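Below is the file input_17.cif, which contains mmCIF, C-alpha atoms and all ligand atoms.
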data_query
loop_
_atom_site.label_atom_id
_atom_site.label_comp_id
_atom_site.auth_asym_id
_atom_site.auth_seq_id
_atom_site.Cartn_x
_atom_site.Cartn_y
_atom_site.Cartn_z
CA MET I 21 -12.72 -17.99 5.61
CA ASN I 22 -11.37 -15.57 8.14
CA LEU I 23 -8.49 -13.20 7.32
CA ARG I 24 -6.60 -14.13 10.48
CA ASP I 25 -6.95 -17.87 9.80
CA PHE I 26 -5.85 -17.56 6.21
CA PHE I 27 -2.80 -15.36 6.86
CA GLU I 28 -1.88 -16.89 10.18
CA LYS I 29 1.86 -17.00 9.45
CA THR I 30 3.51 -14.42 7.26
CA SER I 31 6.83 -12.75 6.65
CA SER I 32 5.03 -9.44 6.54
CA ASP I 33 7.17 -7.60 9.11
CA TRP I 34 7.74 -4.04 7.95
CA VAL I 35 9.54 -0.93 9.07
CA ARG I 36 8.17 2.49 9.89
CA TYR I 37 10.07 5.56 11.02
CA SER I 38 8.89 8.15 13.52
CA LYS I 39 9.37 11.01 11.04
CA TYR I 40 9.21 11.35 7.25
CA GLU I 41 9.82 14.30 4.98
CA ILE I 42 9.25 15.29 1.38
CA LYS I 43 12.45 16.21 -0.46
CA GLU I 44 13.23 17.15 -4.01
CA LYS I 45 16.08 16.10 -6.29
CA ASP I 46 16.40 17.17 -9.92
CA GLY I 47 12.78 18.32 -10.03
CA GLN I 48 11.51 14.99 -8.71
CA GLU I 49 9.68 14.79 -5.38
CA TYR I 50 10.42 11.96 -2.92
CA ILE I 51 9.18 10.81 0.46
CA THR I 52 11.88 9.55 2.81
CA PRO I 53 12.58 9.03 6.54
CA ALA I 54 14.06 12.07 8.29
CA ALA I 55 17.73 11.64 9.22
CA ASP I 56 16.95 11.92 12.95
CA SER I 57 13.89 9.61 12.91
CA LYS I 58 13.55 6.46 15.00
CA ILE I 59 13.05 3.05 13.42
CA GLU I 60 10.32 0.64 14.53
CA LEU I 61 9.54 -2.85 13.36
CA TYR I 62 5.87 -3.87 13.21
CA ASN I 63 3.53 -6.34 11.56
CA PRO I 64 1.07 -4.61 9.18
CA LEU I 65 -1.30 -7.58 9.47
CA ASP I 66 -1.98 -6.65 13.09
CA SER I 67 -3.90 -3.63 11.80
CA ALA I 68 -4.77 -5.00 8.35
CA GLU I 69 -8.30 -3.52 8.14
CA ASP I 70 -7.16 -0.02 9.19
CA LEU I 71 -4.27 -0.20 6.78
CA VAL I 72 -6.53 -1.00 3.82
CA VAL I 73 -9.17 1.57 4.78
CA ASP I 74 -6.53 4.32 5.30
CA ALA I 75 -4.83 3.54 1.98
CA LEU I 76 -8.20 3.69 0.18
CA ASN I 77 -9.16 6.99 1.80
CA VAL I 78 -5.83 8.65 1.01
CA GLY I 79 -6.42 7.44 -2.55
CA MET I 80 -9.92 8.95 -2.53
CA LEU I 81 -8.67 12.40 -1.46
CA LEU I 82 -5.97 12.26 -4.13
CA CYS I 83 -8.60 11.30 -6.74
CA ILE I 84 -10.78 14.27 -5.79
CA GLY I 85 -7.67 16.39 -6.34
CA GLU I 86 -8.61 19.45 -4.30
CA LEU I 87 -5.67 19.30 -1.89
CA ASN I 88 -3.01 21.98 -1.87
CA THR I 89 0.64 20.93 -1.80
CA GLN I 90 0.97 21.25 1.97
CA ASN I 91 -2.12 19.14 2.66
CA ARG I 92 -1.01 16.53 0.15
CA HIS I 93 2.44 16.29 1.76
CA ASP I 94 0.98 16.12 5.28
CA MET I 95 -1.32 13.29 4.22
CA LEU I 96 1.47 11.23 2.64
CA ILE I 97 3.75 11.80 5.63
CA SER I 98 1.00 10.83 8.06
CA PHE I 99 0.34 7.61 6.11
CA ALA I 100 4.07 6.78 6.05
CA GLN I 101 4.44 7.47 9.77
CA SER I 102 1.60 5.04 10.46
CA TYR I 103 2.63 2.25 8.08
CA GLY I 104 6.01 2.96 6.43
CA LEU I 105 6.78 3.31 2.73
CA LEU I 106 5.25 1.01 0.13
CA GLY I 107 8.42 -0.90 -0.79
CA PHE I 108 8.53 -0.27 -4.54
CA MET I 109 12.17 -1.34 -4.76
CA THR I 110 11.35 -4.95 -3.92
CA ALA I 111 7.77 -4.88 -5.26
CA ILE I 112 8.51 -4.04 -8.90
CA PRO I 113 11.27 -6.45 -10.07
CA LEU I 114 10.64 -9.99 -11.25
CA ASN I 115 13.86 -11.03 -9.49
CA GLY I 116 13.27 -9.69 -5.99
CA ASN I 117 16.74 -10.92 -4.94
CA PHE I 118 18.34 -8.71 -7.62
CA MET I 119 21.42 -7.91 -5.52
CA GLU I 120 22.66 -11.38 -6.45
CA TYR I 121 22.45 -10.50 -10.15
CA PRO I 122 24.00 -7.84 -12.39
CA HIS I 123 20.55 -6.90 -13.68
CA VAL I 124 17.05 -6.23 -12.44
CA PHE I 125 14.25 -7.63 -14.60
CA PHE I 126 10.78 -6.20 -15.00
CA GLY I 127 7.47 -7.59 -16.16
CA ARG I 128 4.80 -5.27 -17.44
CA ASN I 129 4.34 -2.55 -14.85
CA ALA I 130 3.22 1.03 -14.39
CA PHE I 131 6.69 2.34 -13.49
CA PHE I 132 9.27 1.18 -16.05
CA ASP I 133 8.86 0.87 -19.76
CA LEU I 134 11.82 -1.47 -20.12
CA GLY I 135 12.61 -5.12 -19.56
CA MET I 136 15.77 -4.78 -17.48
CA MET I 137 18.21 -2.38 -15.84
CA GLU I 138 21.66 -2.61 -14.27
CA THR I 139 21.30 -3.44 -10.60
CA GLY I 140 23.49 -0.52 -9.45
CA GLU I 141 21.49 1.97 -11.50
CA TYR I 142 18.24 0.57 -10.19
CA MET I 143 19.31 0.87 -6.55
CA LYS I 144 20.32 4.52 -7.06
CA LEU I 145 16.73 5.38 -8.03
CA PHE I 146 15.68 4.69 -4.45
CA GLN I 147 18.58 6.48 -2.76
CA PRO I 148 18.65 9.85 -4.53
CA PHE I 149 20.01 11.64 -1.46
CA GLY I 150 22.92 9.24 -0.93
CA ILE I 151 23.89 8.36 2.63
CA LYS I 152 22.15 10.73 5.03
CA GLU I 153 23.99 12.57 7.74
CA GLY I 154 24.67 10.49 10.83
CA GLN I 155 23.89 7.22 9.03
CA PRO I 156 26.28 4.24 8.82
CA ARG I 157 28.71 4.55 5.92
CA ASP I 158 27.37 1.50 4.11
CA GLY I 159 23.86 2.94 4.36
CA PHE I 160 22.36 -0.36 5.45
CA SER I 161 20.22 -1.26 8.42
CA LEU I 162 21.39 -4.85 8.51
CA PRO I 163 20.12 -5.82 12.00
CA VAL I 164 16.54 -5.40 10.82
CA THR I 165 17.00 -7.81 7.94
CA LEU I 166 18.61 -10.26 10.33
CA ILE I 167 15.64 -10.04 12.72
CA THR I 168 13.06 -10.39 9.95
CA GLY I 169 15.01 -13.05 8.04
CA LYS I 170 14.59 -11.02 4.86
CA THR I 171 17.04 -10.84 1.96
CA LEU I 172 19.80 -8.24 1.56
CA GLU I 173 17.60 -5.94 -0.57
CA TYR I 174 15.59 -5.06 2.54
CA SER I 175 18.66 -3.63 4.24
CA ILE I 176 18.14 -0.74 1.80
CA VAL I 177 14.32 -0.64 1.80
CA PHE I 178 14.40 -0.53 5.60
CA SER I 179 17.16 2.09 5.84
CA ARG I 180 16.83 5.84 6.41
CA ASN I 181 18.44 6.45 3.03
CA TYR I 182 15.60 4.77 1.18
CA SER I 183 13.23 7.10 -0.71
CA GLU I 184 10.17 6.66 -2.89
CA ARG I 185 8.89 8.93 -5.64
CA THR I 186 5.70 10.64 -4.45
CA ASP I 187 4.09 10.39 -7.91
CA TRP I 188 4.43 6.60 -7.74
CA PHE I 189 3.19 6.53 -4.17
CA GLU I 190 0.14 8.62 -5.05
CA GLY I 191 -0.47 6.79 -8.32
CA VAL I 192 -0.76 3.45 -6.53
CA LEU I 193 -3.18 4.79 -3.90
CA LYS I 194 -5.33 6.52 -6.52
CA GLN I 195 -5.56 3.38 -8.67
CA PHE I 196 -6.39 1.50 -5.53
CA TYR I 197 -9.38 3.69 -4.70
CA MET I 198 -10.57 3.70 -8.32
CA HIS I 199 -10.61 -0.08 -8.22
CA PHE I 200 -12.61 -0.05 -5.02
CA ALA I 201 -15.08 2.41 -6.55
CA ALA I 202 -15.44 0.10 -9.56
CA CYS I 203 -16.13 -2.91 -7.30
CA LYS I 204 -18.83 -0.98 -5.47
CA GLY I 205 -20.18 0.46 -8.72
CA TYR I 206 -20.44 -3.02 -10.18
CA GLU I 207 -22.41 -4.27 -7.19
CA GLY I 208 -24.62 -1.19 -7.12
CA THR I 209 -25.87 -0.97 -10.70
CA ASP I 210 -28.36 -2.96 -12.79
CA ASN I 211 -27.43 -1.15 -16.01
CA PRO I 212 -25.74 -3.83 -18.20
CA ALA I 213 -23.42 -1.40 -20.07
CA LEU I 214 -22.27 0.20 -16.81
CA LYS I 215 -21.84 -3.22 -15.23
CA ASP I 216 -19.58 -4.25 -18.14
CA ALA I 217 -17.48 -1.11 -17.81
CA TYR I 218 -17.03 -1.64 -14.08
CA ALA I 219 -16.24 -5.33 -14.63
CA GLU I 220 -13.39 -4.36 -16.94
CA THR I 221 -11.81 -2.13 -14.28
CA VAL I 222 -12.34 -4.76 -11.58
CA SER I 223 -10.56 -7.38 -13.75
CA CYS I 224 -7.52 -5.13 -14.34
CA PHE I 225 -6.21 -5.78 -10.85
CA SER I 226 -3.65 -8.55 -10.48
CA GLU I 227 -0.71 -9.39 -8.30
CA TYR I 228 2.30 -11.47 -9.22
CA GLY I 229 4.99 -12.77 -6.98
CA LEU I 230 3.05 -13.65 -3.84
CA GLY I 231 4.74 -16.81 -2.68
CA PHE I 232 5.01 -18.92 0.38
CA ARG I 233 7.45 -21.18 2.10
CA MET I 234 7.04 -23.91 4.64
CA GLY I 235 8.26 -23.56 8.19
CA VAL I 236 7.62 -25.28 11.48
CA ASP I 237 5.77 -23.85 14.43
CA GLY I 238 5.08 -26.92 16.49
CA LYS I 239 3.78 -28.41 13.21
CA PRO I 240 4.48 -27.89 9.50
CA THR I 241 3.26 -24.36 8.78
CA MET I 242 2.68 -22.31 5.66
CA VAL I 243 4.39 -18.90 5.75
CA TRP I 244 3.22 -16.29 3.24
CA ASP I 245 6.04 -14.27 1.71
CA PHE I 246 5.04 -10.66 1.09
CA ASN I 247 7.66 -8.70 -0.88
CA SER I 248 6.46 -5.23 0.19
CA LEU I 249 3.88 -3.25 2.11
CA LYS I 250 2.25 -2.63 -1.26
CA MET I 251 1.72 -6.36 -1.66
CA VAL I 252 0.30 -6.68 1.86
CA ILE I 253 -2.21 -3.89 1.19
CA GLU I 254 -3.24 -5.26 -2.20
CA THR I 255 -3.56 -8.85 -1.01
CA ILE I 256 -5.58 -8.04 2.09
CA TYR I 257 -7.73 -5.63 0.09
CA ALA I 258 -8.46 -8.26 -2.59
CA PHE I 259 -9.27 -10.76 0.13
CA LEU I 260 -11.66 -8.36 1.90
CA VAL I 261 -13.38 -6.81 -1.11
CA SER I 262 -14.18 -10.21 -2.62
CA ALA I 263 -15.49 -11.75 0.63
CA ALA I 264 -19.18 -12.66 0.76
CA ASP I 265 -21.13 -9.78 2.33
CA THR I 266 -17.86 -7.90 2.73
CA PRO I 267 -17.43 -5.59 5.72
CA LEU I 268 -15.26 -3.34 3.50
CA ARG I 269 -17.89 -0.81 2.42
CA MET I 270 -18.18 2.54 0.71
CA CYS I 271 -20.08 5.26 2.57
CA LYS I 272 -23.34 6.00 0.77
CA ARG I 273 -23.02 9.69 1.58
CA CYS I 274 -19.31 10.67 1.26
CA GLY I 275 -17.70 7.81 -0.69
CA LYS I 276 -15.16 7.01 2.00
CA ALA I 277 -14.10 3.43 2.57
CA PHE I 278 -14.91 2.02 5.99
CA TYR I 279 -14.84 -1.29 7.74
CA ALA I 280 -18.24 -2.26 9.12
CA LYS I 281 -17.41 -4.15 12.28
CA HIS I 282 -20.99 -5.26 12.80
CA GLY I 283 -24.33 -5.11 11.10
CA ARG I 284 -25.31 -3.72 7.76
CA SER I 285 -24.10 -0.15 8.15
CA GLU I 286 -24.03 1.85 4.93
CA PHE I 287 -22.39 4.98 6.36
CA CYS I 288 -18.89 5.74 7.63
CA SER I 289 -20.24 7.77 10.56
CA GLY I 290 -23.40 8.92 12.33
CA ARG I 291 -22.84 12.33 10.79
CA CYS I 292 -22.97 10.95 7.24
CA ARG I 293 -26.09 8.90 8.06
CA ASN I 294 -27.87 11.97 9.43
CA GLN I 295 -26.89 14.17 6.51
CA PHE I 296 -28.00 11.52 4.03
CA ASN I 297 -31.41 11.25 5.71
CA VAL I 298 -31.84 15.02 5.79
CA TYR I 299 -31.13 15.32 2.06
CA LYS I 300 -33.42 12.37 1.33
CA SER I 301 -36.37 13.85 3.19
CA ARG I 302 -35.75 17.27 1.58
CA GLY I 303 -35.67 15.55 -1.80
CA LYS I 304 -39.07 13.99 -1.14
CA LYS I 305 -40.60 17.33 -0.29
ZN ZN R 1 -19.27 9.11 5.09
#

Conversion result in structure tokens:
Amino acid sequence: MNLRDFFEKTSSDWVRYSKYEIKEKDGQEYITPAADSKIELYNPLDSAEDLVVDALNVGMLLCIGELNTQNRHDMLISFAQSYGLLGFMTAIPLNGNFMEYPHVFFGRNAFFDLGMMETGEYMKLFQPFGIKEGQPRDGFSLPVTLITGKTLEYSIVFSRNYSERTDWFEGVLKQFYMHFAACKGYEGTDNPALKDAYAETVSCFSEYGLGFRMGVDGKPTMVWDFNSLKMVIETIYAFLVSAADTPLRMCKRCGKAFYAKHGRSEFCSGRCRNQFNVYKSRGKK
């Protein structure tokens, strides 16, 4: 089944700003839109394959761990300027509409080691810099939630005041690439012990909370409800990586993820293919 057919109707609209910056508060690093940035609404599914490949390749560079601070910041900012932030605030809770409740509830997750938190306290975690200069007093960007039909929580996620911890951001992308590497490792080995080890990593990936609602669009239509950009990336990735003869491949030379638009390409670029062949022929000699 084709990606476009399967996810024909979604509530995946997301927000990206023209400029992001890395800021620190109490020794914690955050990524956040710059106060003078411009907001843009877009649908991540329009560039779903690029989104997944870019997320994987940022994860790969973070896994290699040879970047200096400046390069690491530039990479995160460039990703955010292309696709927006990941949306942890609405991705993590069990009750995504937590603004209607005094508490936010958590299932098992990589970010909080507790079952619940006061809603006010929780919201502060994502607005460590308060209301930025020149922003509306209430700190919301309500028109966007009205356009997208999303719940009140997104008026914060989509605002300039919203910030995400960079260690969480990086952690998710690193895990993401490690999973991809395990999928490819599993397919690429005949060693039973190695296959088992890879299978364990592959099976550790799960998503809760992906729902849908019904709407009409000339006929009754299923509308997928994504709670965050993180969920869009993970869902599309899982869909692609598990497809028969998947076009989501790992370059045989450099390990980068790439999307093979046609044929059986095993390399991300002509350069990698040439280098691989040079090394192979040298190896034979
Ligand atoms: Zn390559």

Using only C-alpha atoms and all ligand atoms, which residues of chain I come within 12 Å of ligand ZN 1 (chain R), and what is the closest atom pair for each, with the distance in Å to one decimal? Give it as JSON lines, sorted by chain and residue number.
{"residue": "I:Asn77", "atom": "CA", "partner": "R:ZN1", "partner_atom": "ZN", "distance": 10.8}
{"residue": "I:Arg269", "atom": "CA", "partner": "R:ZN1", "partner_atom": "ZN", "distance": 10.4}
{"residue": "I:Met270", "atom": "CA", "partner": "R:ZN1", "partner_atom": "ZN", "distance": 8.0}
{"residue": "I:Cys271", "atom": "CA", "partner": "R:ZN1", "partner_atom": "ZN", "distance": 4.7}
{"residue": "I:Lys272", "atom": "CA", "partner": "R:ZN1", "partner_atom": "ZN", "distance": 6.7}
{"residue": "I:Arg273", "atom": "CA", "partner": "R:ZN1", "partner_atom": "ZN", "distance": 5.2}
{"residue": "I:Cys274", "atom": "CA", "partner": "R:ZN1", "partner_atom": "ZN", "distance": 4.1}
{"residue": "I:Gly275", "atom": "CA", "partner": "R:ZN1", "partner_atom": "ZN", "distance": 6.1}
{"residue": "I:Lys276", "atom": "CA", "partner": "R:ZN1", "partner_atom": "ZN", "distance": 5.6}
{"residue": "I:Ala277", "atom": "CA", "partner": "R:ZN1", "partner_atom": "ZN", "distance": 8.1}
{"residue": "I:Phe278", "atom": "CA", "partner": "R:ZN1", "partner_atom": "ZN", "distance": 8.4}
{"residue": "I:Tyr279", "atom": "CA", "partner": "R:ZN1", "partner_atom": "ZN", "distance": 11.6}
{"residue": "I:Ser285", "atom": "CA", "partner": "R:ZN1", "partner_atom": "ZN", "distance": 10.9}
{"residue": "I:Glu286", "atom": "CA", "partner": "R:ZN1", "partner_atom": "ZN", "distance": 8.7}
{"residue": "I:Phe287", "atom": "CA", "partner": "R:ZN1", "partner_atom": "ZN", "distance": 5.3}
{"residue": "I:Cys288", "atom": "CA", "partner": "R:ZN1", "partner_atom": "ZN", "distance": 4.2}
{"residue": "I:Ser289", "atom": "CA", "partner": "R:ZN1", "partner_atom": "ZN", "distance": 5.7}
{"residue": "I:Gly290", "atom": "CA", "partner": "R:ZN1", "partner_atom": "ZN", "distance": 8.3}
{"residue": "I:Arg291", "atom": "CA", "partner": "R:ZN1", "partner_atom": "ZN", "distance": 7.5}
{"residue": "I:Cys292", "atom": "CA", "partner": "R:ZN1", "partner_atom": "ZN", "distance": 4.7}
{"residue": "I:Arg293", "atom": "CA", "partner": "R:ZN1", "partner_atom": "ZN", "distance": 7.4}
{"residue": "I:Asn294", "atom": "CA", "partner": "R:ZN1", "partner_atom": "ZN", "distance": 10.0}
{"residue": "I:Gln295", "atom": "CA", "partner": "R:ZN1", "partner_atom": "ZN", "distance": 9.3}
{"residue": "I:Phe296", "atom": "CA", "partner": "R:ZN1", "partner_atom": "ZN", "distance": 9.1}

The selected residues should be written to file as a compact mmCIF listing (two decimals), in the coordinates of the input (atoms: C-alpha atoms).
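As written to disk, result-v5.txt reads:
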# COMPACT_ATOMS: atom_id res chain seq x y z
CA ASN I 77 -9.16 6.99 1.80
CA ARG I 269 -17.89 -0.81 2.42
CA MET I 270 -18.18 2.54 0.71
CA CYS I 271 -20.08 5.26 2.57
CA LYS I 272 -23.34 6.00 0.77
CA ARG I 273 -23.02 9.69 1.58
CA CYS I 274 -19.31 10.67 1.26
CA GLY I 275 -17.70 7.81 -0.69
CA LYS I 276 -15.16 7.01 2.00
CA ALA I 277 -14.10 3.43 2.57
CA PHE I 278 -14.91 2.02 5.99
CA TYR I 279 -14.84 -1.29 7.74
CA SER I 285 -24.10 -0.15 8.15
CA GLU I 286 -24.03 1.85 4.93
CA PHE I 287 -22.39 4.98 6.36
CA CYS I 288 -18.89 5.74 7.63
CA SER I 289 -20.24 7.77 10.56
CA GLY I 290 -23.40 8.92 12.33
CA ARG I 291 -22.84 12.33 10.79
CA CYS I 292 -22.97 10.95 7.24
CA ARG I 293 -26.09 8.90 8.06
CA ASN I 294 -27.87 11.97 9.43
CA GLN I 295 -26.89 14.17 6.51
CA PHE I 296 -28.00 11.52 4.03

Stretch 32-35 of chain I, all listed atoms, 6 Å padding on each side: what axis-aligned box centre and edge lengths in Å to one decimal come out, as lines of an AutoDock Vina configuration file?
center_x = 7.3
center_y = -5.2
center_z = 7.8
size_x = 16.5
size_y = 20.5
size_z = 14.6

(request) Step by step: start from the point (-12.3, -4.5, 5.8) in the file's coordinates, keep every protein, DNA or RNA residue that has an atom no farther than 8 Å from it, count only C-alpha atoms, and write the set as an MDAnalysis selection string. (result) chainID I and resid 68:70 72:73 257 260:261 266:269 278:280

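Relative to atom CA of I:Val164, atom CA of I:Met143 is found at 18.7 Å.
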
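Counting all atoms listed in the file and comparing I:Gly127, I:Leu230, I:Phe146, I:Glu49, the residue that lies closest to I:Tyr174 is I:Phe146.
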
(request) Could you tell me which of I:Asp66, I:Glu41, I:Glu184, I:Asp46 comes closest to I:Ile97 if we count only C-alpha atoms? (result)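 Using only C-alpha atoms, I:Ile97 sits closest to I:Glu41.
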
(request) Find the residue from I:Gln195, I:Phe26, I:Tyr37, I:Glu173 that sits nearest to I:Glu120; use only C-alpha atoms when measuring. (result) I:Glu173

(message) Quick check, in Å to one decimal: how far apart do atom CA of I:Gly229 and atom CA of I:Ser248 lie?
(response)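 Between atom CA of I:Gly229 and atom CA of I:Ser248 the gap works out to 10.5 Å.
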
(request) For I:Leu82, work out the shell of residues within 8 Å, counting all atoms listed in the file and skipping chain neighbours fewer than 2 positions away, then give it as an MDAnalysis selection string. (result) chainID I and resid 78:80 84:87 92 190 193:194

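The two atoms in question, atom CA of I:Ser32 and atom CA of I:Thr139, are spaced 24.4 Å apart.
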